[in-house]
file entry-v4.cif (mmCIF, C-alpha atoms)
data_run
#
loop_
_atom_site.label_atom_id
_atom_site.label_comp_id
_atom_site.auth_asym_id
_atom_site.auth_seq_id
_atom_site.Cartn_x
_atom_site.Cartn_y
_atom_site.Cartn_z
CA MET A 1 32.15 -0.29 -29.99
CA LEU A 2 30.24 -3.31 -28.71
CA LEU A 3 30.27 -2.17 -25.07
CA HIS A 4 28.89 1.24 -25.99
CA GLY A 5 26.12 -0.31 -28.03
CA TYR A 6 25.20 -2.57 -25.14
CA VAL A 7 25.17 0.38 -22.77
CA ILE A 8 22.83 2.39 -24.94
CA SER A 9 20.44 -0.38 -25.96
CA GLU A 10 20.28 -2.51 -22.80
CA MET A 11 21.74 -0.89 -19.70
CA ARG A 12 19.35 2.08 -19.85
CA LYS A 13 16.48 -0.22 -18.94
CA ARG A 14 15.58 -0.16 -15.27
CA LEU A 15 13.84 -2.79 -13.19
CA PRO A 16 10.11 -2.23 -12.69
CA LEU A 17 9.26 -0.61 -9.38
CA LEU A 18 7.53 -3.74 -8.11
CA MET A 19 10.71 -5.77 -8.60
CA LEU A 20 12.81 -3.08 -6.93
CA TRP A 21 10.70 -3.07 -3.79
CA VAL A 22 10.49 -6.86 -3.75
CA LEU A 23 14.26 -6.67 -3.34
CA LEU A 24 14.29 -3.97 -0.72
CA ASN A 25 11.46 -4.66 1.72
CA GLY A 26 12.34 -5.72 5.21
CA ILE A 27 11.18 -7.78 8.16
CA ALA A 28 8.81 -7.45 11.11
CA LEU A 29 10.88 -5.99 13.90
CA HIS A 30 7.95 -5.63 16.30
CA ALA A 31 5.08 -7.52 14.65
CA GLY A 32 2.75 -9.59 16.80
CA GLU A 33 3.20 -13.29 17.27
CA GLY A 34 2.76 -15.25 14.07
CA PRO A 35 3.27 -18.72 12.68
CA ASP A 36 7.05 -18.85 12.65
CA GLN A 37 8.72 -21.54 10.60
CA THR A 38 11.95 -23.47 11.02
CA LEU A 39 14.75 -23.75 8.50
CA PRO A 40 17.15 -26.72 8.45
CA VAL A 41 20.75 -25.73 9.05
CA LYS A 42 21.73 -26.83 5.54
CA GLU A 43 19.15 -24.49 4.00
CA ARG A 44 20.26 -21.57 6.17
CA VAL A 45 23.93 -22.06 5.36
CA SER A 46 23.19 -22.56 1.66
CA VAL A 47 21.36 -19.23 1.36
CA ALA A 48 23.93 -17.37 3.46
CA SER A 49 26.91 -18.74 1.54
CA HIS A 50 25.26 -17.97 -1.81
CA ILE A 51 24.80 -14.35 -0.73
CA PHE A 52 28.40 -14.14 0.50
CA ALA A 53 29.78 -15.49 -2.78
CA ASP A 54 27.63 -13.25 -4.98
CA VAL A 55 28.46 -10.10 -3.02
CA GLN A 56 32.11 -10.65 -3.96
CA ILE A 57 31.26 -11.10 -7.64
CA PHE A 58 28.41 -8.71 -8.40
CA PHE A 59 28.35 -5.88 -5.82
CA GLY A 60 29.44 -2.66 -7.51
CA HIS A 61 29.61 -0.15 -4.66
CA TRP A 62 32.76 -0.91 -2.67
CA GLU A 63 33.95 2.68 -2.87
CA GLY A 64 30.88 3.66 -0.88
CA ILE A 65 31.99 1.41 2.02
CA PRO A 66 35.80 1.65 1.94
CA ASN A 67 36.31 0.27 5.46
CA PHE A 68 33.88 -2.63 5.15
CA ASP A 69 35.41 -5.97 6.19
CA LEU A 70 33.31 -8.50 4.28
CA ASN A 71 34.92 -11.56 5.85
CA ALA A 72 34.42 -10.30 9.41
CA GLU A 73 30.84 -9.21 8.73
CA TYR A 74 30.02 -12.55 7.13
CA SER A 75 31.51 -14.41 10.10
CA ALA A 76 29.29 -12.44 12.50
CA TYR A 77 26.29 -13.01 10.22
CA LEU A 78 26.99 -16.73 10.06
CA ASP A 79 27.09 -16.93 13.88
CA LYS A 80 23.52 -15.58 13.93
CA VAL A 81 22.43 -17.91 11.13
CA LEU A 82 23.69 -20.95 13.01
CA ALA A 83 22.32 -19.88 16.39
CA SER A 84 18.63 -20.45 15.62
CA SER A 85 16.44 -22.53 13.32
CA SER A 86 13.78 -19.78 13.29
CA ARG A 87 12.98 -18.50 9.82
CA LYS A 88 12.20 -15.08 11.23
CA ALA A 89 15.55 -14.94 13.03
CA PHE A 90 17.33 -15.98 9.84
CA ASP A 91 15.58 -13.24 7.89
CA PHE A 92 16.45 -10.61 10.49
CA ALA A 93 20.10 -11.61 10.33
CA THR A 94 20.12 -11.59 6.53
CA LEU A 95 18.34 -8.27 6.22
CA GLU A 96 20.83 -6.72 8.63
CA PHE A 97 23.80 -8.17 6.75
CA MET A 98 22.54 -6.82 3.41
CA ALA A 99 21.79 -3.39 4.89
CA LYS A 100 25.45 -3.09 5.89
CA LEU A 101 26.27 -2.77 2.18
CA GLN A 102 24.68 0.69 2.43
CA ASN A 103 23.12 0.63 -1.01
CA GLY A 104 19.55 1.48 -1.94
CA HIS A 105 19.43 -1.07 -4.76
CA SER A 106 20.81 -4.03 -2.81
CA GLY A 107 18.56 -5.91 -0.40
CA PHE A 108 16.80 -9.07 0.73
CA ARG A 109 13.20 -10.27 0.93
CA ASP A 110 11.39 -13.40 2.04
CA ALA A 111 7.92 -13.89 0.52
CA TRP A 112 6.85 -15.77 3.65
CA LEU A 113 7.43 -12.66 5.76
CA GLN A 114 5.65 -10.48 3.23
CA ASP A 115 2.60 -12.73 3.34
CA THR A 116 2.67 -13.09 7.13
CA TYR A 117 3.67 -9.63 8.32
CA GLY A 118 3.26 -7.31 5.35
CA GLN A 119 -0.09 -5.74 6.25
CA GLN A 120 -0.30 -2.13 5.14
CA LEU A 121 0.37 0.83 7.42
CA ASN A 122 -2.02 2.98 5.37
CA PHE A 123 -0.08 6.14 6.14
CA TYR A 124 3.34 7.59 5.36
CA ALA A 125 5.64 10.03 7.11
CA TYR A 126 9.20 11.28 6.93
CA PRO A 127 11.31 13.93 8.69
CA VAL A 128 10.52 17.56 7.93
CA ASP A 129 12.31 20.20 10.01
CA GLY A 130 13.58 17.40 12.22
CA GLN A 131 10.07 16.11 12.99
CA TRP A 132 8.35 12.99 11.68
CA VAL A 133 5.47 14.56 9.73
CA VAL A 134 2.58 12.61 8.17
CA THR A 135 2.49 13.35 4.44
CA ARG A 136 -0.14 10.79 3.36
CA SER A 137 -2.87 9.07 5.33
CA GLU A 138 -5.80 6.77 4.61
CA LEU A 139 -6.71 6.66 8.31
CA SER A 140 -9.57 8.86 9.50
CA ASP A 141 -7.89 9.68 12.83
CA LEU A 142 -4.50 10.55 11.33
CA LYS A 143 -4.20 13.69 9.24
CA VAL A 144 -1.61 15.03 6.84
CA GLY A 145 0.57 17.39 8.87
CA ASP A 146 0.28 15.43 12.13
CA VAL A 147 3.65 15.09 13.87
CA LEU A 148 4.60 11.67 15.29
CA ALA A 149 6.05 12.02 18.78
CA ALA A 150 6.04 8.41 20.00
CA LEU A 151 5.10 4.84 19.10
CA ASN A 152 3.83 2.72 22.01
CA GLY A 153 5.34 5.27 24.36
CA GLU A 154 8.81 5.18 22.78
CA PRO A 155 10.06 8.43 21.16
CA PHE A 156 9.53 7.97 17.45
CA GLU A 157 13.13 8.82 16.59
CA SER A 158 14.23 6.09 19.02
CA PHE A 159 11.89 3.64 17.27
CA TYR A 160 13.47 4.57 13.94
CA ARG A 161 16.96 4.02 15.36
CA ARG A 162 16.03 0.47 16.36
CA CYS A 163 14.65 -0.19 12.88
CA ARG A 164 17.56 1.48 11.09
CA PRO A 165 19.94 -1.55 10.92
CA TYR A 166 17.43 -3.46 8.76
CA ILE A 167 16.85 -0.80 6.08
CA SER A 168 18.91 -0.89 2.87
CA ALA A 169 19.81 2.63 1.73
CA SER A 170 22.64 4.62 0.19
CA ASP A 171 22.33 7.48 2.67
CA GLU A 172 20.45 8.52 5.77
CA ARG A 173 17.90 10.67 3.93
CA TRP A 174 16.60 7.71 1.93
CA ARG A 175 16.82 5.35 4.90
CA LYS A 176 14.43 7.58 6.85
CA ARG A 177 12.07 7.90 3.89
CA ALA A 178 12.12 4.12 3.42
CA LEU A 179 11.07 3.31 7.00
CA PHE A 180 7.36 3.46 6.16
CA GLU A 181 7.89 1.25 3.14
CA TYR A 182 8.93 -1.60 5.45
CA PRO A 183 5.62 -2.40 7.18
CA TYR A 184 7.19 -5.51 8.76
CA LEU A 185 9.23 -3.27 11.03
CA PHE A 186 6.08 -2.03 12.79
CA PRO A 187 3.88 -3.89 15.29
CA GLU A 188 0.65 -5.26 13.87
CA ARG A 189 -1.23 -2.94 16.24
CA PHE A 190 0.29 0.12 17.91
CA GLU A 191 -0.49 3.48 19.45
CA LEU A 192 0.89 6.70 18.03
CA THR A 193 1.25 9.75 20.25
CA LEU A 194 1.14 13.00 18.31
CA ASP A 195 3.07 16.10 19.27
CA HIS A 196 0.01 17.83 20.74
CA GLY A 197 -0.75 14.84 22.99
CA ARG A 198 -3.50 13.16 21.01
CA SER A 199 -3.22 9.39 20.56
CA VAL A 200 -4.15 7.31 17.51
CA THR A 201 -4.42 3.52 17.45
CA VAL A 202 -3.18 1.93 14.22
CA HIS A 203 -4.03 -1.63 13.18
CA ARG A 204 -2.15 -2.63 10.07
CA GLN A 205 -4.59 -4.10 7.57
CA GLY A 206 -4.67 -5.15 3.95
CA ALA A 207 -2.28 -7.27 1.91
CA PHE A 208 1.22 -6.00 1.35
CA ARG A 209 1.66 -3.66 -1.58
CA SER A 210 4.79 -2.17 -3.08
CA ALA A 211 5.53 1.49 -2.43
CA GLY A 212 3.68 3.68 -4.92
CA SER A 213 1.93 0.79 -6.66
CA GLU A 214 -1.43 2.39 -5.89
CA ASN A 215 -0.52 5.36 -8.10
CA THR A 216 -1.68 4.42 -11.59
CA LYS A 217 -2.56 7.79 -13.15
CA ILE A 218 -0.83 11.05 -13.97
CA ASP A 219 -2.45 14.39 -13.23
CA ALA A 220 -2.33 17.02 -15.98
CA SER A 221 -3.73 20.51 -15.41
CA ASN A 222 -3.45 23.98 -16.95
CA HIS A 223 -2.54 27.08 -14.95
CA GLU A 224 -2.81 30.19 -17.16
CA ARG A 225 -1.15 28.47 -20.14
CA VAL A 226 1.30 26.60 -17.94
CA LEU A 227 0.86 22.84 -18.27
CA LEU A 228 1.53 20.96 -15.02
CA ILE A 229 2.05 17.19 -15.31
CA ARG A 230 2.40 15.17 -12.08
CA ILE A 231 3.95 11.74 -12.65
CA PRO A 232 3.78 9.57 -9.49
CA GLY A 233 5.97 6.75 -10.83
CA PHE A 234 7.35 4.97 -13.86
CA HIS A 235 6.36 1.49 -12.70
CA THR A 236 3.65 0.99 -15.34
CA ALA A 237 3.91 1.84 -19.03
CA ASN A 238 0.72 3.91 -19.06
CA LEU A 239 2.19 6.54 -16.73
CA GLU A 240 4.90 7.47 -19.21
CA ALA A 241 2.57 7.07 -22.19
CA ASP A 242 -0.06 9.36 -20.67
CA ALA A 243 2.57 12.00 -19.90
CA VAL A 244 3.78 11.88 -23.49
CA GLU A 245 0.20 12.17 -24.73
CA ALA A 246 -0.32 15.25 -22.54
CA LEU A 247 2.72 16.85 -24.19
CA ARG A 248 1.17 16.39 -27.63
CA ASN A 249 -1.35 19.05 -26.65
CA ALA A 250 1.27 21.41 -25.19
CA SER A 251 2.23 23.33 -28.34
CA SER A 252 0.43 26.46 -27.15
CA ALA A 253 1.67 26.23 -23.56
CA LYS A 254 3.81 29.06 -22.26
CA ALA A 255 5.75 26.57 -20.16
CA VAL A 256 5.58 22.96 -18.94
CA ILE A 257 6.19 21.79 -15.37
CA ILE A 258 6.91 18.10 -14.76
CA ASP A 259 6.42 17.14 -11.11
CA VAL A 260 8.29 13.93 -10.17
CA ARG A 261 8.41 14.47 -6.41
CA GLY A 262 7.88 11.18 -4.58
CA ASN A 263 8.35 9.24 -7.83
CA HIS A 264 10.16 6.03 -6.83
CA GLY A 265 11.01 5.05 -10.39
CA GLY A 266 10.38 1.87 -12.35
CA SER A 267 11.63 1.73 -15.93
CA THR A 268 13.65 4.58 -17.43
CA PRO A 269 11.15 6.78 -19.36
CA GLN A 270 13.18 7.07 -22.57
CA THR A 271 10.21 8.10 -24.72
CA LEU A 272 9.29 10.93 -22.35
CA ILE A 273 12.90 12.11 -22.21
CA ALA A 274 13.06 12.16 -26.02
CA ALA A 275 9.79 14.09 -26.19
CA LEU A 276 11.28 16.91 -24.09
CA MET A 277 14.93 17.01 -25.19
CA ASP A 278 15.67 19.65 -27.84
CA ARG A 279 19.47 19.26 -27.63
CA PRO A 280 22.09 16.49 -27.18
CA TYR A 281 22.12 14.93 -23.71
CA ARG A 282 24.32 12.62 -21.67
CA TRP A 283 23.55 9.68 -19.39
CA PHE A 284 25.19 8.68 -16.15
CA SER A 285 28.78 7.49 -16.26
CA GLU A 286 28.90 3.92 -14.95
CA SER A 287 31.13 1.22 -13.51
CA THR A 288 30.75 -2.47 -12.74
CA PRO A 289 33.00 -4.98 -10.92
CA ALA A 290 35.84 -6.48 -12.94
CA ARG A 291 37.43 -9.32 -11.00
CA ILE A 292 40.70 -10.04 -12.81
CA GLY A 293 42.60 -12.90 -11.23
CA SER A 294 46.13 -11.50 -11.39
CA PHE A 295 44.99 -8.18 -9.95
CA GLN A 296 43.43 -9.96 -6.99
CA LEU A 297 46.44 -12.23 -6.57
CA TYR A 298 49.08 -9.55 -6.40
CA GLY A 299 46.97 -6.66 -5.16
CA SER A 300 48.61 -4.41 -7.74
CA MET A 301 45.31 -2.77 -8.66
CA GLY A 302 43.75 -2.57 -5.21
CA THR A 303 41.21 -4.77 -3.47
CA HIS A 304 38.33 -4.14 -5.88
CA THR A 305 38.73 -3.37 -9.56
CA ASP A 306 36.05 -1.83 -11.80
CA LEU A 307 35.29 -1.49 -15.47
CA ARG A 308 34.23 2.11 -16.08
CA TRP A 309 32.70 3.73 -19.13
CA PHE A 310 31.26 7.02 -20.30
CA GLY A 311 27.51 6.87 -20.64
CA GLY A 312 27.35 8.23 -24.16
CA ILE A 313 25.62 11.15 -25.88
CA GLU A 314 22.13 10.95 -27.31
CA GLU A 315 20.95 13.23 -30.10
CA PRO A 316 17.44 14.68 -29.88
CA THR A 317 14.73 12.74 -31.69
CA ASP A 318 10.92 12.78 -31.65
CA VAL A 319 10.78 16.11 -29.78
CA LEU A 320 7.21 17.10 -28.90
CA TYR A 321 7.84 20.18 -26.78
CA LYS A 322 10.67 22.73 -27.09
CA GLY A 323 9.43 25.50 -24.80
CA SER A 324 10.32 26.49 -21.24
CA LEU A 325 10.59 23.47 -18.99
CA TYR A 326 10.70 23.02 -15.21
CA LEU A 327 11.19 19.83 -13.19
CA LEU A 328 10.11 19.52 -9.54
CA THR A 329 12.18 17.09 -7.45
CA ASP A 330 12.61 15.97 -3.86
CA GLY A 331 14.24 13.23 -1.79
CA GLY A 332 11.54 10.80 -2.91
CA CYS A 333 12.70 10.92 -6.56
CA PHE A 334 14.55 7.61 -6.73
CA SER A 335 16.06 5.22 -9.28
CA ALA A 336 14.48 5.59 -12.75
CA CYS A 337 13.10 8.97 -11.64
CA GLU A 338 16.72 10.10 -11.32
CA ASP A 339 17.49 8.58 -14.72
CA PHE A 340 14.81 10.91 -16.03
CA VAL A 341 16.25 13.99 -14.32
CA VAL A 342 20.00 13.57 -14.90
CA GLY A 343 20.14 14.57 -18.56
CA PHE A 344 18.16 17.75 -17.95
CA LYS A 345 20.49 18.67 -15.10
CA ASP A 346 23.58 18.07 -17.23
CA ASN A 347 22.58 20.00 -20.36
CA HIS A 348 20.40 22.67 -18.65
CA ARG A 349 17.39 21.88 -20.84
CA ALA A 350 15.16 22.32 -17.79
CA THR A 351 15.25 24.34 -14.59
CA ILE A 352 15.13 21.92 -11.66
CA ILE A 353 13.33 23.22 -8.56
CA GLY A 354 12.86 21.74 -5.09
CA GLU A 355 15.12 19.38 -3.16
CA ARG A 356 18.03 17.06 -3.94
CA THR A 357 16.97 13.64 -5.28
CA ALA A 358 17.49 10.36 -3.39
CA GLY A 359 20.82 9.34 -4.94
CA SER A 360 20.49 5.67 -5.92
CA SER A 361 20.07 3.96 -9.26
CA GLY A 362 21.30 0.89 -11.10
CA GLN A 363 20.21 -2.58 -12.16
CA PRO A 364 20.37 -5.22 -9.42
CA TYR A 365 21.55 -8.72 -10.13
CA GLN A 366 19.10 -10.95 -8.33
CA HIS A 367 18.91 -14.55 -7.21
CA ARG A 368 15.72 -16.35 -6.20
CA PHE A 369 15.64 -19.41 -3.99
CA GLU A 370 13.00 -22.12 -4.20
CA ASN A 371 11.84 -21.30 -0.66
CA GLY A 372 10.60 -17.84 -1.71
CA MET A 373 13.62 -15.83 -0.62
CA VAL A 374 15.31 -13.42 -3.01
CA PHE A 375 18.23 -11.04 -2.78
CA GLY A 376 19.49 -8.36 -5.14
CA LEU A 377 22.87 -6.69 -5.55
CA SER A 378 23.41 -3.47 -7.45
CA ALA A 379 26.01 -4.44 -10.03
CA LYS A 380 26.51 -0.89 -11.34
CA ARG A 381 27.66 2.30 -9.66
CA GLU A 382 26.57 5.45 -11.43
CA SER A 383 28.20 8.88 -11.43
CA MET A 384 27.05 12.16 -12.90
CA PRO A 385 27.96 12.56 -16.59
CA ASP A 386 30.91 14.77 -15.60
CA GLY A 387 32.18 12.08 -13.22
CA SER A 388 31.08 13.76 -9.98
CA PRO A 389 29.46 11.56 -7.28
CA PHE A 390 25.81 10.58 -7.51
CA GLU A 391 25.26 7.47 -5.35
CA GLY A 392 24.32 8.55 -1.85
CA VAL A 393 24.45 12.18 -3.00
CA GLY A 394 21.62 12.70 -5.48
CA ILE A 395 20.98 15.36 -8.11
CA ALA A 396 20.93 18.90 -6.77
CA PRO A 397 18.20 21.28 -7.93
CA ASP A 398 19.08 24.47 -9.77
CA ILE A 399 16.81 26.36 -7.39
CA GLU A 400 16.53 24.88 -3.91
CA VAL A 401 13.20 25.38 -2.18
CA ASP A 402 12.71 23.87 1.26
CA VAL A 403 9.37 22.51 2.45
CA HIS A 404 8.73 23.09 6.16
CA ALA A 405 6.41 21.36 8.58
CA ALA A 406 4.13 24.42 8.59
CA ASP A 407 3.76 24.07 4.81
CA VAL A 408 2.65 20.43 5.10
CA ILE A 409 0.19 21.28 7.86
CA SER A 410 -1.34 24.17 5.93
CA GLY A 411 -1.33 22.39 2.58
CA ARG A 412 0.96 24.98 1.04
CA ASP A 413 3.32 23.90 -1.75
CA PRO A 414 6.21 26.40 -1.94
CA VAL A 415 8.02 24.35 -4.60
CA LEU A 416 5.09 24.49 -7.01
CA GLU A 417 4.50 28.13 -6.15
CA LYS A 418 8.07 28.98 -7.15
CA ALA A 419 7.82 27.01 -10.38
CA LEU A 420 4.50 28.61 -11.37
CA SER A 421 5.88 32.06 -10.65
CA LEU A 422 8.87 31.48 -12.92
CA ALA A 423 6.86 29.70 -15.59
CA LYS A 424 4.21 32.40 -15.87
CA SER A 425 6.86 35.08 -16.26
CA SER A 426 8.83 33.13 -18.87
CA GLY A 427 8.46 33.40 -22.61
CA SER A 428 8.18 30.45 -24.96
CA ARG A 429 11.49 29.35 -26.43
#
call {"tool": "encode", "arguments": {"input": "entry-v4.cif", "output": "structure tokens"}}
result
Amino acid sequence: MLLHGYVISEMRKRLPLLMLWVLLNGIALHAGEGPDQTLPVKERVSVASHIFADVQIFFGHWEGIPNFDLNAEYSAYLDKVLASSSRKAFDFATLEFMAKLQNGHSGFRDAWLQDTYGQQLNFYAYPVDGQWVVTRSELSDLKVGDVLAALNGEPFESFYRRCRPYISASDERWRKRALFEYPYLFPERFELTLDHGRSVTVHRQGAFRSAGSENTKIDASNHERVLLIRIPGFHTANLEADAVEALRNASSAKAVIIDVRGNHGGSTPQTLIAALMDRPYRWFSESTPARIGSFQLYGSMGTHTDLRWFGGIEEPTDVLYKGSLYLLTDGGCFSACEDFVVGFKDNHRATIIGERTAGSSGQPYQHRFENGMVFGLSAKRESMPDGSPFEGVGIAPDIEVDVHAADVISGRDPVLEKALSLAKSSGSR
């Protein structure tokens, strides 16, 4: 069938990570004064109307926002667009409008804002045990495990709540993780108060960079005949290629652990999947908008109609490793990372350990304007191979292991500990 062939050969390909984050990054909510620009009313209305029209055609996630009134939301958005000639104000309004679609693969960016306000934060944090815990830092005064209590005297959770309307996400877990990937939402210079009272001054510096783009190498290590491969992303071809090469030397391994925690995706790693799959496997089930005139006219098929299809079954080929396999996941495993995990979850080829994945994948339709603005709309909604929900839900681990704030502070990794314990006690298949 032509559609099935298209699905298998083309729709498995995922946008590179850089393109994904170009679509999703936001705007400076608190940044210092900068060289604002003005936009003629015709240009503002042209961009806004183009977005409005394309949402109706391409957006594939209406079932995720069943009570969304597009006409009313667009009317409110247009009021803001017409109220000011400020480019920054226009971008704020547009980012907020797109975020109301509640989809992690639909968003807006303006290159002017990236260039003007996209200086790096140089640290990253997300909620652990209800506290905003630093999990990565390039700042000498800010350590992994530090807990953020306030920003410029405002409780940090309150700061997040003010930023929240501008962040595109399919659920609250990802929205909170994505906050630090929108440097524009932070002041150019600010003071952090940590939970023990110490203060740290942060001055955002360095040109904007996409989330995870600094990670260009895998890490492969042996632990008593257990091969551990950490893959930080799939945004460059060498990451997948190097992981596959590491598997070529795994014939004597008792078990293999693939760690994709914090992997924000890129392009679906089909070669790596094939190297590990020793049995048939299924892809996501998918749907895309199908706007049929008579259905819209008479409303006989509902407000939004979809074309749905089964993702297909792949037979194993080019298998490099058939032994015991473990995958480590968390809420930072997003997009093509989840494409990697889903087949192993469905056919039980691997034991998945850790936390539920982010719950967002798909290929955005995108439109670029000559003024440097771009928006993307996820034109596909994916479900688990058995039809159960995935978007905004994620892929559940087989063995759930929680990471607590005390673990981050001490440097302990209970997820890896659990995987190593199981792997060392397993026998080769």
call {"tool": "closest_residue", "arguments": {"input": "entry-v4.cif", "among": "A:Asp54, A:Asp146, A:Glu63, A:Glu355", "to": "A:Ile409", "atoms": "all atoms listed in the file"}}
result
A:Asp146
call {"tool": "residues_around", "arguments": {"input": "entry-v4.cif", "residues": "stretch 210-222 of chain A", "least_positions_apart": "5", "cutoff": "7 Å", "atoms": "all atoms listed in the file", "output": "MDAnalysis selection string"}}
result
chainID A and resid 18 21 181 227:232 239 242:243
call {"tool": "resolve_selection", "arguments": {"input": "entry-v4.cif", "expression": "the PyMOL selection byres ((chain A and resi 277) around 12)", "output": "compact mmCIF listing (two decimals) with C-alpha atoms, in the coordinates of the input"}}
result
# COMPACT_ATOMS: atom_id res chain seq x y z
CA GLN A 270 13.18 7.07 -22.57
CA THR A 271 10.21 8.10 -24.72
CA LEU A 272 9.29 10.93 -22.35
CA ILE A 273 12.90 12.11 -22.21
CA ALA A 274 13.06 12.16 -26.02
CA ALA A 275 9.79 14.09 -26.19
CA LEU A 276 11.28 16.91 -24.09
CA ASP A 278 15.67 19.65 -27.84
CA ARG A 279 19.47 19.26 -27.63
CA PRO A 280 22.09 16.49 -27.18
CA TYR A 281 22.12 14.93 -23.71
CA ARG A 282 24.32 12.62 -21.67
CA GLU A 314 22.13 10.95 -27.31
CA GLU A 315 20.95 13.23 -30.10
CA PRO A 316 17.44 14.68 -29.88
CA THR A 317 14.73 12.74 -31.69
CA ASP A 318 10.92 12.78 -31.65
CA VAL A 319 10.78 16.11 -29.78
CA LEU A 320 7.21 17.10 -28.90
CA TYR A 321 7.84 20.18 -26.78
CA LYS A 322 10.67 22.73 -27.09
CA GLY A 323 9.43 25.50 -24.80
CA SER A 324 10.32 26.49 -21.24
CA LEU A 325 10.59 23.47 -18.99
CA PHE A 340 14.81 10.91 -16.03
CA VAL A 341 16.25 13.99 -14.32
CA VAL A 342 20.00 13.57 -14.90
CA GLY A 343 20.14 14.57 -18.56
CA PHE A 344 18.16 17.75 -17.95
CA LYS A 345 20.49 18.67 -15.10
CA ASP A 346 23.58 18.07 -17.23
CA ASN A 347 22.58 20.00 -20.36
CA HIS A 348 20.40 22.67 -18.65
CA ARG A 349 17.39 21.88 -20.84
CA ALA A 350 15.16 22.32 -17.79
call {"tool": "axis_aligned_box", "arguments": {"input": "entry-v4.cif", "around": "stretch 129-134 of chain A", "padding_each_side": "5 Å", "output": "AutoDock Vina command-line options"}}
result
--center_x 8.1 --center_y 16.4 --center_z 10.6 --size_x 21.0 --size_y 17.6 --size_z 14.8
call {"tool": "closest_residue", "arguments": {"input": "entry-v4.cif", "among": "A:Ala149, A:Leu95, A:Ile258, A:Leu377", "to": "A:Val55", "atoms": "only C-alpha atoms"}}
result
A:Leu377
call {"tool": "residues_around", "arguments": {"input": "entry-v4.cif", "residues": "A:Gly311", "least_positions_apart": "4", "cutoff": "6 Å", "atoms": "all atoms listed in the file", "output": "JSON, numbers by chain"}}
result
{"A": [283, 284, 285]}
call {"tool": "closest_residue", "arguments": {"input": "entry-v4.cif", "among": "A:Ser335, A:Thr303, A:Ser388, A:Thr135", "to": "A:Gly233", "atoms": "all atoms listed in the file"}}
result
A:Ser335
call {"tool": "residues_around", "arguments": {"input": "entry-v4.cif", "residues": "A:Leu307", "least_positions_apart": "6", "cutoff": "10 Å", "atoms": "all atoms listed in the file", "output": "CSV table (one decimal) with C-alpha atoms, in the frame of the given file"}}
result
chain,number,residue,atom,x,y,z
A,60,GLY,CA,29.4,-2.7,-7.5
A,286,GLU,CA,28.9,3.9,-15.0
A,287,SER,CA,31.1,1.2,-13.5
A,288,THR,CA,30.8,-2.5,-12.7
A,289,PRO,CA,33.0,-5.0,-10.9
A,290,ALA,CA,35.8,-6.5,-12.9
A,291,ARG,CA,37.4,-9.3,-11.0
A,380,LYS,CA,26.5,-0.9,-11.3
call {"tool": "resolve_selection", "arguments": {"input": "entry-v4.cif", "expression": "the PyMOL selection byres ((chain A and resi 403) around 8)", "output": "count of residues only"}}
result
10
call {"tool": "resolve_selection", "arguments": {"input": "entry-v4.cif", "expression": "the PyMOL selection byres ((chain A and resi 199) around 12)", "output": "mmCIF file with C-alpha atoms, in the frame of the given file"}}
result
data_model
loop_
_atom_site.group_PDB
_atom_site.id
_atom_site.type_symbol
_atom_site.label_atom_id
_atom_site.label_comp_id
_atom_site.auth_asym_id
_atom_site.auth_seq_id
_atom_site.Cartn_x
_atom_site.Cartn_y
_atom_site.Cartn_z
ATOM 1 C CA ASP A 141 -7.890 9.680 12.830
ATOM 2 C CA LEU A 142 -4.500 10.550 11.330
ATOM 3 C CA ASP A 146 0.280 15.430 12.130
ATOM 4 C CA VAL A 147 3.650 15.090 13.870
ATOM 5 C CA LEU A 148 4.600 11.670 15.290
ATOM 6 C CA ALA A 149 6.050 12.020 18.780
ATOM 7 C CA ALA A 150 6.040 8.410 20.000
ATOM 8 C CA LEU A 151 5.100 4.840 19.100
ATOM 9 C CA ASN A 152 3.830 2.720 22.010
ATOM 10 C CA GLY A 153 5.340 5.270 24.360
ATOM 11 C CA PHE A 190 0.290 0.120 17.910
ATOM 12 C CA GLU A 191 -0.490 3.480 19.450
ATOM 13 C CA LEU A 192 0.890 6.700 18.030
ATOM 14 C CA THR A 193 1.250 9.750 20.250
ATOM 15 C CA LEU A 194 1.140 13.000 18.310
ATOM 16 C CA ASP A 195 3.070 16.100 19.270
ATOM 17 C CA HIS A 196 0.010 17.830 20.740
ATOM 18 C CA GLY A 197 -0.750 14.840 22.990
ATOM 19 C CA ARG A 198 -3.500 13.160 21.010
ATOM 20 C CA VAL A 200 -4.150 7.310 17.510
ATOM 21 C CA THR A 201 -4.420 3.520 17.450
ATOM 22 C CA VAL A 202 -3.180 1.930 14.220
#
call {"tool": "residues_near_point", "arguments": {"input": "entry-v4.cif", "point": "(19.6, -8.7, 0.8)", "cutoff": "10 Å", "atoms": "only C-alpha atoms", "output": "VMD selection string"}}
result
chain A and resid 23 to 26 51 55 91 93 to 101 105 to 110 166 to 168 366 to 367 373 to 377
call {"tool": "residues_around", "arguments": {"input": "entry-v4.cif", "residues": "A:Ala48", "least_positions_apart": "4", "cutoff": "10 Å", "atoms": "only C-alpha atoms", "output": "JSON, numbers by chain"}}
result
{"A": [42, 43, 44, 52, 53, 74, 77, 78, 81, 90, 93, 94, 97]}
call {"tool": "write_last_selection", "arguments": {"input": "entry-v4.cif", "atoms": "C-alpha atoms", "output": "short mmCIF file (atom, residue, chain, number, x, y, z; two decimals), in the coordinates of the input"}}
result
data_model
loop_
_atom_site.label_atom_id
_atom_site.label_comp_id
_atom_site.auth_asym_id
_atom_site.auth_seq_id
_atom_site.Cartn_x
_atom_site.Cartn_y
_atom_site.Cartn_z
CA LYS A 42 21.73 -26.83 5.54
CA GLU A 43 19.15 -24.49 4.00
CA ARG A 44 20.26 -21.57 6.17
CA PHE A 52 28.40 -14.14 0.50
CA ALA A 53 29.78 -15.49 -2.78
CA TYR A 74 30.02 -12.55 7.13
CA TYR A 77 26.29 -13.01 10.22
CA LEU A 78 26.99 -16.73 10.06
CA VAL A 81 22.43 -17.91 11.13
CA PHE A 90 17.33 -15.98 9.84
CA ALA A 93 20.10 -11.61 10.33
CA THR A 94 20.12 -11.59 6.53
CA PHE A 97 23.80 -8.17 6.75
#
